[in-house]
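Source file: structure_9.cif. Holds: mmCIF, C-alpha atoms.
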```cif
data_data
loop_
_atom_site.label_atom_id
_atom_site.label_comp_id
_atom_site.auth_asym_id
_atom_site.auth_seq_id
_atom_site.Cartn_x
_atom_site.Cartn_y
_atom_site.Cartn_z
CA MET P 5 300.28 56.54 -58.86
CA SER P 6 301.58 53.14 -57.87
CA ALA P 7 302.84 52.33 -54.38
CA LEU P 8 306.39 52.61 -55.69
CA GLU P 9 305.79 56.25 -56.61
CA TYR P 10 304.89 57.30 -53.05
CA SER P 11 307.60 58.31 -50.60
CA PRO P 12 306.72 59.65 -47.15
CA TYR P 13 310.22 61.15 -47.05
CA ALA P 14 309.24 63.62 -49.78
CA ALA P 15 307.69 66.74 -48.25
CA ASP P 16 304.86 67.00 -50.75
CA CYS P 17 303.93 63.31 -50.90
CA PRO P 18 300.37 62.46 -49.83
CA SER P 19 301.66 59.34 -48.08
CA ARG P 20 303.25 61.66 -45.50
CA GLN P 21 299.82 63.11 -44.77
CA LEU P 22 298.49 59.60 -44.32
CA LEU P 23 301.29 58.76 -41.89
CA ASP P 24 300.48 61.94 -39.98
CA ARG P 25 296.85 60.82 -39.79
CA ILE P 26 297.51 57.27 -38.66
CA GLY P 27 300.25 58.37 -36.27
CA ASP P 28 298.02 60.92 -34.57
CA ARG P 29 297.14 59.80 -31.03
CA TRP P 30 293.43 60.52 -31.44
CA SER P 31 293.29 58.50 -34.64
CA VAL P 32 295.13 55.57 -33.06
CA LEU P 33 292.86 55.60 -30.00
CA THR P 34 289.69 56.04 -32.04
CA ILE P 35 290.58 53.16 -34.34
CA GLY P 36 291.39 51.01 -31.30
CA SER P 37 288.06 51.90 -29.74
CA LEU P 38 286.21 50.76 -32.85
CA VAL P 39 287.83 47.31 -32.94
CA ASP P 40 284.84 45.70 -31.16
CA GLY P 41 282.36 46.87 -33.78
CA PRO P 42 280.10 49.85 -34.45
CA GLN P 43 280.06 52.55 -31.79
CA ARG P 44 278.02 55.63 -31.17
CA TYR P 45 279.76 58.98 -30.79
CA SER P 46 279.03 59.14 -27.05
CA THR P 47 280.54 55.70 -26.49
CA LEU P 48 283.68 56.68 -28.38
CA ALA P 49 283.93 59.92 -26.42
CA ALA P 50 283.75 57.96 -23.16
CA ARG P 51 286.32 55.36 -24.28
CA VAL P 52 288.86 57.89 -25.61
CA GLN P 53 289.35 59.78 -22.39
CA GLY P 54 290.68 63.31 -22.74
CA VAL P 55 289.57 63.92 -26.33
CA SER P 56 287.47 67.04 -26.82
CA GLN P 57 284.18 66.85 -28.72
CA LYS P 58 285.66 69.01 -31.46
CA MET P 59 288.78 66.86 -31.83
CA LEU P 60 286.81 63.59 -31.84
CA ALA P 61 284.47 64.95 -34.51
CA GLN P 62 287.43 66.12 -36.62
CA THR P 63 289.18 62.78 -36.18
CA LEU P 64 286.11 60.78 -37.18
CA ARG P 65 285.58 62.98 -40.26
CA ALA P 66 289.22 62.57 -41.31
CA LEU P 67 289.13 58.79 -40.78
CA GLU P 68 285.93 58.62 -42.80
CA ARG P 69 287.50 60.71 -45.57
CA ASP P 70 290.47 58.34 -45.70
CA GLY P 71 288.16 55.34 -45.97
CA LEU P 72 289.10 53.92 -42.57
CA VAL P 73 285.74 54.49 -40.88
CA THR P 74 282.15 54.51 -42.06
CA ARG P 75 279.45 56.72 -40.60
CA THR P 76 275.91 55.36 -40.65
CA VAL P 77 272.91 57.55 -39.83
CA PHE P 78 269.78 55.65 -38.81
CA PRO P 79 266.49 57.37 -39.69
CA GLU P 80 265.15 57.62 -36.16
CA ILE P 81 264.02 60.48 -33.99
CA PRO P 82 266.45 61.60 -32.75
CA PRO P 83 268.81 60.33 -35.44
CA ARG P 84 271.22 57.62 -34.31
CA VAL P 85 274.73 57.67 -35.77
CA GLU P 86 277.24 54.84 -35.57
CA TYR P 87 280.86 54.66 -36.63
CA GLU P 88 282.55 51.47 -37.75
CA LEU P 89 285.93 50.43 -39.10
CA THR P 90 286.03 49.61 -42.79
CA GLU P 91 288.05 46.67 -44.08
CA ARG P 92 290.92 49.13 -44.63
CA GLY P 93 290.52 50.40 -41.08
CA ARG P 94 290.59 46.85 -39.72
CA SER P 95 293.76 46.12 -41.69
CA LEU P 96 295.34 49.25 -40.18
CA ARG P 97 294.30 48.08 -36.73
CA THR P 98 296.40 44.94 -37.21
CA VAL P 99 299.41 47.24 -37.60
CA LEU P 100 298.48 49.57 -34.74
CA ALA P 101 297.70 46.85 -32.18
CA PRO P 102 301.36 45.76 -31.85
CA LEU P 103 302.37 49.41 -31.37
CA GLU P 104 299.80 49.76 -28.60
CA ASP P 105 301.06 46.51 -27.03
CA TRP P 106 304.65 47.71 -27.30
CA ALA P 107 303.77 50.99 -25.55
CA THR P 108 302.05 49.26 -22.64
CA ASP P 109 304.72 46.52 -22.37
CA HIS P 110 307.60 49.00 -22.30
CA MET P 111 306.09 51.93 -20.41
CA ALA P 112 307.74 51.04 -17.10
CA ASP P 113 311.18 50.93 -18.77
CA VAL P 114 310.52 54.15 -20.65
CA GLN P 115 309.42 55.86 -17.42
CA GLU P 116 312.60 54.69 -15.72
CA SER P 117 314.66 56.15 -18.59
CA ARG P 118 312.74 59.42 -18.34
CA ASP P 119 313.32 59.60 -14.60
CA GLU P 120 317.07 58.92 -15.04
CA TYR P 121 317.31 61.53 -17.80
CA ASP P 122 315.45 64.12 -15.74
CA ALA P 123 317.65 63.45 -12.71
CA ARG P 124 320.87 64.12 -14.65
CA THR P 125 319.64 66.93 -16.90
CA PRO P 126 319.21 70.49 -15.63
CA HIS P 127 315.69 71.81 -16.04
#
```
Once more with this new file: its structure as structure tokens, please.
Amino acid sequence: MSALEYSPYAADCPSRQLLDRIGDRWSVLTIGSLVDGPQRYSTLAARVQGVSQKMLAQTLRALERDGLVTRTVFPEIPPRVEYELTERGRSLRTVLAPLEDWATDHMADVQESRDEYDARTPH
């Protein structure tokens, strides 16, 4: 299929699944955590606060499957495993970084809107 044949607005289109993946908070945060280069699982777990071990493992597997992350096992005892963004993953990071910046730049305004909404809306 060519790019013109994909439409994330179609329920059965695989591009929708990809948008779900790259829009998932754990994927966004994991990709952002890998921007500085290869990381071990424990380092990622510490950087992405709040993610469970199970969810981080699932996220890394899914990102690897989509060709956004590589997993390298070093033949040591105990084995050392590192995760790194692929070229595709780095190109996605260039898209995600402005979204992250937007969220941090506008969070105070968004919180103010939330507070105003909550004050005028019955719970």
Please identify all polymer residues within 8 Å of range 57-66 of chain P, counting only C-alpha atoms, omitting same-chain residues fewer than 5 positions from it, and present them as a PyMOL selection string. chain P and resi 25+30-31+34+49+73
Considering only C-alpha atoms, can you say which of P:Pro18, P:Pro102, P:Gly27, P:Gly36 comes closest to Leu89 in chain P? P:Gly36
Written as a PDB file with C-alpha atoms, in the coordinates of the input, what is the full residue list that the PyMOL selection byres ((chain P and resi 45) around 10) yields on the file shown?
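After the write, selection.pdb holds the following:
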```pdb
ATOM      1  CA  PRO P  42     280.100  49.850 -34.450  1.00  0.00           C
ATOM      2  CA  GLN P  43     280.060  52.550 -31.790  1.00  0.00           C
ATOM      3  CA  ARG P  44     278.020  55.630 -31.170  1.00  0.00           C
ATOM      4  CA  SER P  46     279.030  59.140 -27.050  1.00  0.00           C
ATOM      5  CA  THR P  47     280.540  55.700 -26.490  1.00  0.00           C
ATOM      6  CA  LEU P  48     283.680  56.680 -28.380  1.00  0.00           C
ATOM      7  CA  ALA P  49     283.930  59.920 -26.420  1.00  0.00           C
ATOM      8  CA  ALA P  50     283.750  57.960 -23.160  1.00  0.00           C
ATOM      9  CA  ARG P  51     286.320  55.360 -24.280  1.00  0.00           C
ATOM     10  CA  GLN P  57     284.180  66.850 -28.720  1.00  0.00           C
ATOM     11  CA  LEU P  60     286.810  63.590 -31.840  1.00  0.00           C
ATOM     12  CA  ALA P  61     284.470  64.950 -34.510  1.00  0.00           C
ATOM     13  CA  LEU P  64     286.110  60.780 -37.180  1.00  0.00           C
ATOM     14  CA  ARG P  84     271.220  57.620 -34.310  1.00  0.00           C
ATOM     15  CA  VAL P  85     274.730  57.670 -35.770  1.00  0.00           C
ATOM     16  CA  GLU P  86     277.240  54.840 -35.570  1.00  0.00           C
ATOM     17  CA  TYR P  87     280.860  54.660 -36.630  1.00  0.00           C
TER      18      TYR P  87
END
```
Mind pulling up the distance from CA of Glu68 in chain P to CA of Trp106 in chain P?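 These two atoms are separated by 26.6 Å.
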Extending 6 Å beyond the listed atoms of range 92-98 of chain P on each side, what axis-aligned box results? I want centre and edge lengths in Å to one decimal, as AutoDock Vina command-line options.
```
--center_x 293.5 --center_y 47.7 --center_z -40.7 --size_x 17.9 --size_y 17.5 --size_z 19.9
```
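Between CA of Val32 in chain P and CA of Pro83 in chain P the interatomic distance comes to 26.9 Å.
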Between CA of Gly71 in chain P and CA of Gly93 in chain P, what is the distance, to one decimal in Å?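 Separating CA of Gly71 in chain P from CA of Gly93 in chain P is a distance of 7.3 Å.
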Pick the closest to Leu33 in chain P from P:Glu104, P:Glu116, P:Asp70, P:Glu88: which is it, counting only C-alpha atoms? P:Glu104
Can you give me, as an NGL selection string, the residues this file yields under the PyMOL selection byres ((chain P and resi 91) around 12)? :P and (35 or 39 or 41 or 71-74 or 88-90 or 92-98)
Hey, could you patch up range 90-101 of chain P with all heavy atoms and hand it over as a short mmCIF file (atom, residue, chain, number, x, y, z; two decimals), in the frame of the given file?
```cif
data_model
loop_
_atom_site.label_atom_id
_atom_site.label_comp_id
_atom_site.auth_asym_id
_atom_site.auth_seq_id
_atom_site.Cartn_x
_atom_site.Cartn_y
_atom_site.Cartn_z
N THR P 90 286.16 50.26 -41.50
CA THR P 90 286.03 49.61 -42.79
C THR P 90 287.04 48.46 -42.83
O THR P 90 287.84 48.28 -41.90
CB THR P 90 286.35 50.59 -43.93
OG1 THR P 90 287.72 51.01 -43.79
CG2 THR P 90 285.42 51.80 -43.92
N GLU P 91 287.04 47.72 -43.91
CA GLU P 91 288.05 46.67 -44.08
C GLU P 91 289.46 47.28 -44.03
O GLU P 91 290.36 46.73 -43.41
CB GLU P 91 287.82 45.94 -45.41
CG GLU P 91 288.70 44.72 -45.56
CD GLU P 91 288.46 43.66 -44.50
OE1 GLU P 91 287.30 43.44 -44.09
OE2 GLU P 91 289.45 43.04 -44.06
N ARG P 92 289.63 48.43 -44.66
CA ARG P 92 290.92 49.13 -44.63
C ARG P 92 291.27 49.54 -43.20
O ARG P 92 292.42 49.41 -42.77
CB ARG P 92 290.87 50.36 -45.53
CG ARG P 92 292.21 51.07 -45.69
CD ARG P 92 292.11 52.27 -46.61
NE ARG P 92 291.51 51.87 -47.88
CZ ARG P 92 290.69 52.64 -48.59
NH1 ARG P 92 290.38 53.86 -48.19
NH2 ARG P 92 290.20 52.21 -49.74
N GLY P 93 290.29 50.02 -42.47
CA GLY P 93 290.52 50.40 -41.08
C GLY P 93 290.89 49.20 -40.22
O GLY P 93 291.77 49.30 -39.36
N ARG P 94 290.25 48.06 -40.47
CA ARG P 94 290.59 46.85 -39.72
C ARG P 94 292.01 46.37 -40.07
O ARG P 94 292.74 45.91 -39.19
CB ARG P 94 289.57 45.74 -39.98
CG ARG P 94 288.25 45.98 -39.24
CD ARG P 94 287.32 44.77 -39.31
NE ARG P 94 286.79 44.53 -40.64
CZ ARG P 94 285.78 45.19 -41.19
NH1 ARG P 94 285.15 46.13 -40.50
NH2 ARG P 94 285.35 44.92 -42.41
N SER P 95 292.40 46.52 -41.33
CA SER P 95 293.76 46.12 -41.69
C SER P 95 294.78 47.05 -41.03
O SER P 95 295.85 46.60 -40.61
CB SER P 95 293.94 46.10 -43.21
OG SER P 95 293.99 47.40 -43.75
N LEU P 96 294.45 48.33 -40.89
CA LEU P 96 295.34 49.25 -40.18
C LEU P 96 295.41 48.89 -38.71
O LEU P 96 296.47 48.96 -38.09
CB LEU P 96 294.86 50.70 -40.37
CG LEU P 96 295.65 51.76 -39.60
CD1 LEU P 96 297.12 51.74 -39.98
CD2 LEU P 96 295.03 53.13 -39.85
N ARG P 97 294.31 48.47 -38.14
CA ARG P 97 294.30 48.08 -36.73
C ARG P 97 295.28 46.94 -36.47
O ARG P 97 295.91 46.90 -35.41
CB ARG P 97 292.88 47.70 -36.30
CG ARG P 97 292.77 47.20 -34.88
CD ARG P 97 293.18 48.22 -33.85
NE ARG P 97 293.15 47.59 -32.54
CZ ARG P 97 293.82 48.03 -31.50
NH1 ARG P 97 294.55 49.12 -31.59
NH2 ARG P 97 293.76 47.40 -30.36
N THR P 98 295.45 46.03 -37.41
CA THR P 98 296.40 44.94 -37.21
C THR P 98 297.83 45.45 -37.12
O THR P 98 298.68 44.79 -36.52
CB THR P 98 296.30 43.87 -38.33
OG1 THR P 98 296.69 44.45 -39.57
CG2 THR P 98 294.91 43.29 -38.43
N VAL P 99 298.09 46.62 -37.70
CA VAL P 99 299.41 47.24 -37.60
C VAL P 99 299.52 48.05 -36.30
O VAL P 99 300.58 48.05 -35.65
CB VAL P 99 299.66 48.16 -38.82
CG1 VAL P 99 300.96 48.91 -38.68
CG2 VAL P 99 299.62 47.36 -40.10
N LEU P 100 298.45 48.72 -35.92
CA LEU P 100 298.48 49.57 -34.74
C LEU P 100 298.46 48.79 -33.43
O LEU P 100 299.03 49.24 -32.44
CB LEU P 100 297.31 50.56 -34.77
CG LEU P 100 297.33 51.58 -35.89
CD1 LEU P 100 296.06 52.44 -35.85
CD2 LEU P 100 298.57 52.45 -35.83
N ALA P 101 297.81 47.64 -33.41
CA ALA P 101 297.70 46.85 -32.18
C ALA P 101 299.07 46.50 -31.60
O ALA P 101 299.29 46.66 -30.39
CB ALA P 101 296.85 45.61 -32.41
#
```
